[in-house]
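Worksheet: the structure to be examined is printed underneath.
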Amino acid sequence: MRFESAAAKIPGSDEWWMARLSKKIGDDLRTVSLLDDWMDGKPPLPYPDKLTPAFHRLQQLARLNLAELIVAAMLHRMQPLACRTSVDQDSDGDDVVRDVWENSSAQDAFAQAMEWMLVARRGALMVGRSDPSDPDSPVRITAEHPSQYAWEPDPANPGLALAALKIYRDDPNDRDVAVLYRPDRIRVAYHQGPTMLPKRNAPAWRIMPTVWELEDEAYENTLGEVPVYEMENRRGLGEFERHLPTLERINHTVLQRMVLIAMQAFRQRALKGAPRHDKDGQEIDYDKIFEADPGSMWVLPAAVEMWESGQADFTPVLSSIKDDMIALAAASMTPLHMIHPAASEGSAEGAATQREAVIFKIESTSRRADTAIRRATSAALRLSGHSERAGVEKLKIVWANPRRSSLTERAESARGAKEAGVPFELRMEKFAELTPAEVAEAKRQRKTELLEQAVLAPTMTADASSAGGTDE
């Protein structure tokens, strides 16, 4: 049926939710596009109006992508490895959850959603079947970019939504698609023909009634909740968004350095004591006389001196770039050696202090993502027929240790924990920093070693006694 304007004005109707949520997508699109550009190493040019080809290219070459390093310092250390449930609390997590994750490509979705959270303020996980009309189709967990979804949080139940909207382009069928998720149903709307989805940097966008077709039939939402689970970054800002002025200043200084270097390739020259006119009173054109050619020979009168400008000192410019990088690392709590490699020459204590700052930030951000991952896992378990494991409050995500200690540090830590009487499994997980799968393998090998020792002990004792008797 036709998407009518009148229906879009009735609060609580499906049309009203589509209009409201599509407007939220359009309102955030400009900021999301800007942050994506910074992450891709394509920030706005400092002088967009001066677009001569040479200077345009020079501005492009001056862009230094430090935003990606700020995100990478956190993202690569945020890895959900396993999930424990009330049914299976082994160190390597619940095997059923592992199968659900693998079959739904969940860990790829987790990584992608967390990256979008760090870059573009927020990301979301969506759970559903590959074919909503087929209750036996495979369960999928997908990551959603903020330019393609919006949701309305439930104030009475944090972490859940009253409604959510996903938009995308279906090129094979030449149409735009909008999917509305509500706790009890799923509705789909189409726009046939050339796309009307929002463009990058669009000033505003929303679904326009009368040009969209809303399907009469609604799909049943068997979960009883909106299957979209958002993870929002701290204070609702991208990880490098607060530091954009510093990033712009660094890029601008790099550009000025490149301009100075380009200008220094053409030294200024001057003549001292040279006449302005010849004997006939005509002005002398010295540009023609002193041809800038490697094979030319210049003859100067005895009283004339040649002056040439010297090279500028770039040390202050380079120092200012380094100082800005140090300030950026401190403000963003990013290890300095990732932004400025020369900083790796510092003391071990200084490096450990820098690592602590980013670890604390990672742990805080992981807690923000943890709720969305647990809720998405719970929904996937219910759709897969494992409701007995799906209690959100009983799910525990096992995260990789963000510290990433060296092998020597891990060995020393595990040795000290053993001397202190820490149980084997906890020692392997917390101090040796093994992954859940590695802990399970270590337990298996330890059982084998203890069994071998128990079998071989009587034989070794008998052999020792025999050797003692022979000596006597």
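Residues in the structure tokens are named by chain (A, B, ... in the order shown) and by number from 1 within that chain; ligands are numbered from 1 in the order shown.
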Problem set entry | segment 208-253 of chain A: residues DSSP assigns to strand (DSSP E), reported as an NGL selection string | :A and (213-214 or 219-220 or 228-232)
Could you write out the selected residues, including C-alpha atoms, as a tab-separated table (two decimals), in the first residue's frame?
chain	number	residue	atom	x	y	z
A	213	GLU	CA	5.38	1.52	-0.81
A	214	LEU	CA	4.73	-0.08	2.59
A	219	TYR	CA	6.52	-10.29	9.67
A	220	GLU	CA	6.18	-11.60	13.20
A	228	VAL	CA	19.01	-3.99	17.27
A	229	TYR	CA	21.56	-3.46	20.03
A	230	GLU	CA	23.56	-0.25	20.01
A	231	MET	CA	26.99	0.40	21.49
A	232	GLU	CA	27.74	4.09	22.00
Problem set entry | Residue nearest Arg404 of chain A among A:Met78, A:Asp323, A:Thr365, A:Asp49 (counting only C-alpha atoms) | A:Met78
For this session: Extract, using only C-alpha atoms, all DNA, RNA and protein residues at most 10 Å from Glu388 of chain A, discarding same-chain residues fewer than 3 positions from it, and format them as a PyMOL selection string.
Result: chain A and resi 85-87+381-382+385+391
Selection to disk with all heavy atoms, as a PDB file, in the first residue's frame:
ATOM      1  N   THR A  85      28.002 -19.310  29.828  1.00  0.00           N
ATOM      2  CA  THR A  85      26.579 -19.274  30.133  1.00  0.00           C
ATOM      3  C   THR A  85      26.320 -20.003  31.445  1.00  0.00           C
ATOM      4  O   THR A  85      27.233 -20.580  32.044  1.00  0.00           O
ATOM      5  CB  THR A  85      25.771 -19.945  29.008  1.00  0.00           C
ATOM      6  OG1 THR A  85      26.067 -21.351  28.994  1.00  0.00           O
ATOM      7  CG2 THR A  85      26.122 -19.352  27.649  1.00  0.00           C
ATOM      8  N   SER A  86      25.075 -19.985  31.882  1.00  0.00           N
ATOM      9  CA  SER A  86      24.722 -20.692  33.113  1.00  0.00           C
ATOM     10  C   SER A  86      24.821 -22.201  32.944  1.00  0.00           C
ATOM     11  O   SER A  86      24.940 -22.939  33.923  1.00  0.00           O
ATOM     12  CB  SER A  86      23.297 -20.313  33.540  1.00  0.00           C
ATOM     13  OG  SER A  86      22.366 -20.624  32.508  1.00  0.00           O
ATOM     14  N   VAL A  87      24.806 -22.691  31.695  1.00  0.00           N
ATOM     15  CA  VAL A  87      24.886 -24.125  31.426  1.00  0.00           C
ATOM     16  C   VAL A  87      26.332 -24.588  31.329  1.00  0.00           C
ATOM     17  O   VAL A  87      26.691 -25.672  31.802  1.00  0.00           O
ATOM     18  CB  VAL A  87      24.122 -24.467  30.129  1.00  0.00           C
ATOM     19  CG1 VAL A  87      24.255 -25.957  29.800  1.00  0.00           C
ATOM     20  CG2 VAL A  87      22.654 -24.074  30.254  1.00  0.00           C
ATOM     21  N   LEU A 381      20.877 -16.898  20.413  1.00  0.00           N
ATOM     22  CA  LEU A 381      20.642 -18.197  21.054  1.00  0.00           C
ATOM     23  C   LEU A 381      19.154 -18.545  21.052  1.00  0.00           C
ATOM     24  O   LEU A 381      18.770 -19.693  20.780  1.00  0.00           O
ATOM     25  CB  LEU A 381      21.177 -18.168  22.488  1.00  0.00           C
ATOM     26  CG  LEU A 381      22.697 -18.226  22.645  1.00  0.00           C
ATOM     27  CD1 LEU A 381      23.089 -17.955  24.098  1.00  0.00           C
ATOM     28  CD2 LEU A 381      23.232 -19.586  22.204  1.00  0.00           C
ATOM     29  N   ARG A 382      18.299 -17.577  21.317  1.00  0.00           N
ATOM     30  CA  ARG A 382      16.860 -17.844  21.325  1.00  0.00           C
ATOM     31  C   ARG A 382      16.357 -18.208  19.931  1.00  0.00           C
ATOM     32  O   ARG A 382      15.550 -19.123  19.763  1.00  0.00           O
ATOM     33  CB  ARG A 382      16.113 -16.626  21.860  1.00  0.00           C
ATOM     34  CG  ARG A 382      16.110 -16.536  23.397  1.00  0.00           C
ATOM     35  CD  ARG A 382      15.399 -15.290  23.871  1.00  0.00           C
ATOM     36  NE  ARG A 382      16.258 -14.126  23.767  1.00  0.00           N
ATOM     37  CZ  ARG A 382      15.820 -12.867  23.719  1.00  0.00           C
ATOM     38  NH1 ARG A 382      14.519 -12.636  23.712  1.00  0.00           N
ATOM     39  NH2 ARG A 382      16.670 -11.870  23.652  1.00  0.00           N
ATOM     40  N   GLY A 385      17.166 -21.752  19.077  1.00  0.00           N
ATOM     41  CA  GLY A 385      16.542 -22.815  19.860  1.00  0.00           C
ATOM     42  C   GLY A 385      17.287 -23.195  21.119  1.00  0.00           C
ATOM     43  O   GLY A 385      17.119 -24.311  21.621  1.00  0.00           O
ATOM     44  N   GLY A 391      19.772 -16.451  28.955  1.00  0.00           N
ATOM     45  CA  GLY A 391      19.567 -15.397  29.948  1.00  0.00           C
ATOM     46  C   GLY A 391      20.689 -14.365  29.908  1.00  0.00           C
ATOM     47  O   GLY A 391      21.852 -14.694  30.147  1.00  0.00           O
TER      48      GLY A 391
END
Problem set entry | Of the listed residues A:Arg121, A:Lys24, A:Arg63, A:Lys166, that which approaches Phe240 of chain A most closely, counting only C-alpha atoms | A:Arg121
Applying 8 Å and only C-alpha atoms, which residues near Trp38 of chain A remain after dropping the ones on its own chain fewer than 3 positions away? List them as an mmCIF file with C-alpha atoms, in the first residue's frame.
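This is the output file selection_18.cif:
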data_model
loop_
_atom_site.group_PDB
_atom_site.id
_atom_site.type_symbol
_atom_site.label_atom_id
_atom_site.label_comp_id
_atom_site.auth_asym_id
_atom_site.auth_seq_id
_atom_site.Cartn_x
_atom_site.Cartn_y
_atom_site.Cartn_z
ATOM 1 C CA LEU A 34 33.116 13.870 8.404
ATOM 2 C CA LEU A 35 34.390 11.363 10.960
ATOM 3 C CA GLY A 41 42.744 9.716 5.703
ATOM 4 C CA LYS A 42 40.686 12.133 3.586
ATOM 5 C CA PRO A 43 39.892 15.063 5.897
ATOM 6 C CA ASN A 65 46.269 10.012 9.067
ATOM 7 C CA ALA A 67 43.008 9.440 13.483
ATOM 8 C CA GLU A 68 43.331 5.823 12.381
#
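Among the candidates A:Val97, A:Ala54, A:Met39, A:Ala164, the residue lying nearest to Arg20 of chain A is A:Ala164 (atoms considered: only C-alpha atoms).
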Problem set entry | Shell of 9 Å around Gln107 of chain A, only C-alpha atoms, local chain residues under 6 positions omitted, as a ChimeraX atom specification | /A:79-81,101,141
Exercise. Could you name the residues that touch Ser33 of chain A at 9 Å or less, counting only C-alpha atoms, but leaving out those on the same chain fewer than 5 positions away, as number ranges by chain?
Worked result: A: 28, 38, 120, 147, 200-201
For this session: Could you tell me how far atom CA of Pro198 of chain A lies from atom CA of Ala19 of chain A, in Å and to one decimal?
Result: 13.8 Å
For this session: Find the residues near segment 152-156 of chain A: any atom within 12 Å, counting only C-alpha atoms, skip ones fewer than 3 places away on the same chain, and give them as a list in words.
Result: Trp17, Met18, Arg20, Leu21, Ser22, Lys23, Lys24, Ile25, Tyr149, Gly159, Leu160, Ala161, Leu162, Ala163, Ala164, Leu165, Leu180, Tyr181, Arg182, Pro183, Glu225, Val226, Val228, Tyr229, Glu230, Met231 and Glu232 of chain A
Exercise. What separation in Å, quoted to one decimal, exists between atom CA of Val188 of chain A and atom CA of Ala218 of chain A?
Worked result: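 About the pair atom CA of Val188 of chain A and atom CA of Ala218 of chain A: they are 7.6 Å apart.
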Problem set entry | Counting only C-alpha atoms, the residue of A:Gly224, A:Pro209, A:Pro48, A:Gly26 that sits nearest Ile186 of chain A | A:Gly224
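The coordinates place atom CA of Arg257 of chain A at 28.0 Å from atom CA of Met306 of chain A.
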Problem set entry | Shortest interatomic distance to Phe110 of chain A - which of A:Thr315, A:Thr371, A:Ser364, A:Thr142, counting only C-alpha atoms |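 Using only C-alpha atoms, the shortest distance to Phe110 of chain A belongs to A:Thr142.
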Seminar exercise, completed: For Arg84 of chain A, the closest of A:Ser413, A:Glu433, A:Ala390, A:Ser332 counting only C-alpha atoms is A:Ala390
Sorted by chain and rising residue number, list the residues of segment 349-422 of chain A at most 10 Å from segment 133-139 of chain A (counting only C-alpha atoms), each with its closest atom pair and distance in Å to one decimal, as a Markdown table.
| residue | atom | partner | partner_atom | distance |
| --- | --- | --- | --- | --- |
| A:Ala379 | CA | A:Val139 | CA | 9.7 |
| A:Ala380 | CA | A:Val139 | CA | 6.7 |
| A:Leu381 | CA | A:Val139 | CA | 9.1 |
| A:Leu383 | CA | A:Val139 | CA | 6.9 |
| A:Ser384 | CA | A:Val139 | CA | 7.0 |
